[in-house]
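Q: Okay, so here is coords_36.csv, and as you'll see once you scroll down, it has CSV, C-alpha atoms and all ligand atoms.
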```
chain,number,residue,atom,x,y,z
A,19,MET,CA,-35.2,-109.9,-23.6
A,20,ALA,CA,-34.4,-106.2,-23.3
A,21,ASP,CA,-32.2,-104.7,-25.9
A,22,ASN,CA,-29.1,-103.4,-24.1
A,23,SER,CA,-27.4,-101.8,-27.0
A,24,ASN,CA,-28.4,-98.3,-26.0
A,25,LYS,CA,-26.9,-98.8,-22.6
A,26,ASN,CA,-23.5,-99.3,-24.1
A,27,ASP,CA,-21.3,-96.3,-25.0
A,28,TRP,CA,-18.7,-98.1,-27.0
A,29,GLU,CA,-16.1,-95.3,-26.7
A,30,GLU,CA,-16.5,-95.2,-22.9
A,31,LEU,CA,-16.3,-99.0,-22.6
A,32,ALA,CA,-13.3,-99.2,-24.9
A,33,LYS,CA,-11.5,-96.7,-22.7
A,34,LYS,CA,-12.5,-98.3,-19.4
A,35,PHE,CA,-11.5,-101.9,-20.4
A,36,LYS,CA,-8.5,-100.8,-22.6
A,37,VAL,CA,-9.8,-102.5,-25.7
A,38,THR,CA,-10.9,-101.3,-29.1
A,39,ARG,CA,-14.4,-100.2,-30.0
A,40,GLU,CA,-14.7,-103.1,-32.3
A,41,GLU,CA,-13.8,-105.5,-29.6
A,42,CYS,CA,-16.5,-104.0,-27.4
A,43,GLU,CA,-19.1,-104.5,-30.1
A,44,GLN,CA,-17.9,-108.0,-30.8
A,45,CYS,CA,-18.1,-109.0,-27.1
A,46,PHE,CA,-21.6,-107.4,-26.9
A,47,GLN,CA,-22.8,-109.4,-29.9
A,48,PHE,CA,-21.3,-112.6,-28.5
A,49,ASN,CA,-23.2,-112.1,-25.3
A,50,GLU,CA,-26.5,-111.2,-27.1
A,51,LYS,CA,-26.5,-113.9,-29.8
A,52,ILE,CA,-24.5,-116.8,-28.4
A,53,PHE,CA,-24.0,-116.6,-24.6
A,54,ARG,CA,-27.3,-115.2,-23.3
A,55,PRO,CA,-29.7,-117.5,-25.3
A,56,ARG,CA,-27.8,-120.5,-23.9
A,57,TYR,CA,-27.8,-119.0,-20.4
A,58,GLU,CA,-31.5,-118.5,-20.6
A,59,LYS,CA,-32.0,-122.2,-21.4
A,60,SER,CA,-29.8,-123.4,-18.6
A,61,PHE,CA,-31.5,-120.9,-16.2
A,62,LEU,CA,-34.6,-123.2,-15.9
A,63,ALA,CA,-32.3,-126.2,-15.2
A,64,ALA,CA,-30.5,-124.2,-12.5
A,65,THR,CA,-33.8,-123.1,-11.0
A,66,ILE,CA,-35.0,-126.7,-10.8
A,67,SER,CA,-31.8,-127.7,-9.1
A,68,VAL,CA,-32.1,-124.9,-6.5
A,69,VAL,CA,-35.8,-125.9,-5.8
A,70,GLU,CA,-34.6,-129.6,-5.4
A,71,GLY,CA,-32.0,-128.4,-2.9
A,72,LEU,CA,-34.4,-126.3,-0.9
A,73,ILE,CA,-36.9,-129.2,-0.7
A,74,ASN,CA,-34.2,-131.5,0.3
A,75,GLU,CA,-33.1,-129.2,3.1
A,76,LYS,CA,-36.7,-128.9,4.3
A,77,LEU,CA,-37.3,-132.7,4.3
A,78,ARG,CA,-34.1,-133.1,6.3
A,79,GLU,CA,-35.3,-130.5,8.8
A,80,ASP,CA,-38.7,-132.2,9.1
A,81,THR,CA,-37.7,-135.8,9.3
A,82,ARG,CA,-34.5,-136.1,11.3
A,83,LYS,CA,-34.4,-139.8,11.8
A,84,PRO,CA,-31.2,-141.2,13.2
A,85,ASP,CA,-29.8,-144.2,11.4
A,86,GLY,CA,-28.3,-147.2,13.2
A,87,ASP,CA,-24.8,-145.7,13.5
A,88,GLY,CA,-25.2,-142.4,15.0
A,89,GLY,CA,-27.7,-139.9,13.7
A,90,THR,CA,-27.2,-139.0,10.1
A,91,PRO,CA,-30.6,-138.8,8.3
A,92,VAL,CA,-30.6,-141.3,5.5
A,93,PHE,CA,-33.1,-141.1,2.6
A,94,PRO,CA,-32.8,-140.6,-1.2
A,95,LEU,CA,-32.3,-137.0,-2.5
A,96,TYR,CA,-35.5,-135.4,-3.7
A,97,LYS,CA,-35.6,-135.1,-7.5
A,98,ILE,CA,-37.8,-133.1,-9.8
A,99,MET,CA,-38.5,-134.5,-13.3
A,100,LEU,CA,-40.2,-132.9,-16.2
A,101,SER,CA,-42.6,-134.7,-18.5
A,102,GLY,CA,-44.3,-133.5,-21.7
A,103,LYS,CA,-46.8,-136.2,-21.4
A,104,MET,CA,-50.0,-135.0,-19.6
A,105,SER,CA,-52.1,-137.4,-17.6
A,106,ARG,CA,-54.8,-134.8,-17.0
A,107,LYS,CA,-56.8,-132.8,-19.5
A,108,ASN,CA,-57.6,-129.0,-19.5
A,109,VAL,CA,-54.7,-128.0,-17.3
A,110,LYS,CA,-51.4,-126.5,-18.3
A,111,ALA,CA,-49.4,-128.5,-15.7
A,112,PHE,CA,-49.9,-131.2,-13.2
A,113,ILE,CA,-47.7,-132.0,-10.3
A,114,ARG,CA,-47.4,-135.7,-9.4
A,115,THR,CA,-45.7,-136.0,-6.1
A,116,PHE,CA,-43.9,-139.1,-4.8
A,117,PRO,CA,-42.2,-139.6,-1.5
A,118,ASN,CA,-38.8,-138.6,-2.8
A,119,GLY,CA,-39.6,-136.7,-5.9
A,120,THR,CA,-42.0,-135.0,-8.2
A,121,VAL,CA,-42.9,-135.3,-11.9
A,122,ILE,CA,-44.1,-132.0,-13.3
A,123,GLU,CA,-46.2,-132.8,-16.3
A,124,TYR,CA,-46.6,-129.8,-18.6
A,125,ASP,CA,-48.4,-128.8,-21.7
A,126,THR,CA,-45.9,-128.7,-24.6
A,127,ASN,CA,-48.2,-126.5,-26.7
A,128,GLY,CA,-47.2,-122.9,-26.7
A,129,ASN,CA,-44.0,-120.9,-27.2
A,130,GLU,CA,-40.9,-121.2,-25.1
A,131,LYS,CA,-41.9,-118.4,-22.8
A,132,GLU,CA,-45.3,-119.9,-22.1
A,133,ILE,CA,-43.8,-123.3,-21.3
A,134,TYR,CA,-41.1,-121.6,-19.1
A,135,ASN,CA,-43.8,-119.8,-17.2
A,136,THR,CA,-45.9,-123.0,-16.8
A,137,ILE,CA,-42.9,-124.9,-15.3
A,138,MET,CA,-41.9,-122.0,-13.1
A,139,HIS,CA,-45.5,-121.8,-11.9
A,140,ALA,CA,-45.4,-125.5,-11.0
A,141,LEU,CA,-42.1,-125.0,-9.2
A,142,GLY,CA,-43.6,-122.1,-7.1
A,143,HIS,CA,-46.5,-124.5,-6.1
A,144,LEU,CA,-43.9,-127.1,-5.1
A,145,LEU,CA,-42.1,-124.6,-2.8
A,146,LEU,CA,-45.4,-123.7,-1.2
A,147,GLN,CA,-46.5,-127.4,-0.9
A,148,TYR,CA,-43.3,-128.3,1.0
A,149,GLY,CA,-43.5,-125.2,3.2
A,150,VAL,CA,-40.3,-123.8,1.8
A,151,LEU,CA,-42.2,-120.7,0.8
A,152,ALA,CA,-44.9,-119.3,3.0
A,153,GLY,CA,-48.1,-118.2,1.3
A,154,VAL,CA,-51.4,-119.7,2.4
A,155,PRO,CA,-54.1,-118.4,1.7
A,156,HIS,CA,-52.8,-116.4,-1.3
A,157,THR,CA,-51.3,-119.4,-3.1
A,158,GLU,CA,-51.8,-118.3,-6.7
A,159,ASN,CA,-50.7,-114.7,-6.0
A,160,ILE,CA,-47.6,-115.9,-4.1
A,161,VAL,CA,-46.6,-118.2,-6.9
A,162,GLU,CA,-46.9,-115.4,-9.5
A,163,LEU,CA,-44.9,-113.1,-7.2
A,164,PHE,CA,-42.2,-115.8,-6.8
A,165,ILE,CA,-41.9,-116.0,-10.6
A,166,HIS,CA,-41.7,-112.2,-10.8
A,167,PHE,CA,-38.7,-112.1,-8.5
A,168,VAL,CA,-36.9,-115.2,-9.7
A,169,SER,CA,-37.3,-114.4,-13.4
A,170,ASP,CA,-36.3,-110.7,-13.0
A,171,GLY,CA,-34.1,-109.9,-15.9
A,172,ILE,CA,-34.5,-113.3,-17.5
A,173,ASN,CA,-38.0,-113.4,-18.7
A,174,ASP,CA,-38.6,-109.9,-20.1
B,201,ZN,ZN,-51.4,-122.2,-9.8
```
As structure tokens, what does this structure read like?
Ligand SMILES: [Zn+2]
A:
Amino acid sequence: MADNSNKNDWEELAKKFKVTREECEQCFQFNEKIFRPRYEKSFLAATISVVEGLINEKLREDTRKPDGDGGTPVFPLYKIMLSGKMSRKNVKAFIRTFPNGTVIEYDTNGNEKEIYNTIMHALGHLLLQYGVLAGVPHTENIVELFIHFVSDGIND
């Protein structure tokens, strides 16, 4: 994560927000040490939720089957689950797809950033697999580009 301290002119901020210089520094420290680390953790959960929503929308578009009472598509919501138990060897992640969901098995070895990138990479593949994101034949490159844009400001 980038150190933003040099971007903050305490005097200027104090004046702008009508607070003291100490309050500026306190608020900055709160964000850096308490809020942002938690935010970064929930970012992955939020990303998974967005990917689930996009795949759900895509599945609804692709399979509009009227039910008995007048046309509302009925099927369970698509869910993505994470598992630290690998069923394959020599891969960092493996996507097991089911009709209404996916289990992303990922290698739990490595630091937080590596694991984050592995899961994000799998999510990129899922978006391609369901045609939410266009990118054949440059699959791997598009997945990396997706991570580049989505993680902007989070993963540096
Ligand atoms: Zn890949």
Q: Quick one: of A:Glu162, A:Glu130, A:Gly149, A:Ala32, who's nearest to A:Pro55, counting only C-alpha atoms?
A: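 Looking only at the distances to A:Pro55, the closest residue turns out to be A:Glu130.
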Q: Excluding A:Asn127 and any residue of its chain fewer than 3 positions from it, enumerate the residues within 10 Å of it, using all atoms listed in the file, and give them as an MDAnalysis selection string.
A: chainID A and resid 102 110 124 130 132:133
Q: Distance atom CA of A:Val37-atom CA of A:Ser60, one decimal place?
A: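 Pair atom CA of A:Val37 / atom CA of A:Ser60 returns 29.8 Å.
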Q: To one decimal place, how far is atom CA of A:His143 from atom CA of A:Ile122 in Å?
A: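 If I compute the distance from atom CA of A:His143 to atom CA of A:Ile122, I get 10.7 Å.
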Q: Once you count only C-alpha atoms and all ligand atoms, which residues end up within 7 Å of ligand ZN 201 (chain B), and could you hand them over as a PDB file with C-alpha atoms, keeping the file's coordinate frame?
A:
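Result file follows (part_15.pdb):
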```
ATOM      1  CA  HIS A 139     -45.500-121.800 -11.900  1.00  0.00           C
ATOM      2  CA  ALA A 140     -45.400-125.500 -11.000  1.00  0.00           C
ATOM      3  CA  HIS A 143     -46.500-124.500  -6.100  1.00  0.00           C
ATOM      4  CA  GLU A 158     -51.800-118.300  -6.700  1.00  0.00           C
ATOM      5  CA  VAL A 161     -46.600-118.200  -6.900  1.00  0.00           C
TER       6      VAL A 161
END
```
Q: Compare A:Leu95, A:Leu144, A:Cys45, A:Leu31 by their minimum atom-to-atom distance to A:Thr115, counting all atoms listed in the file, and give me the closest one.
A: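 Using all atoms listed in the file, the shortest distance to A:Thr115 belongs to A:Leu144.
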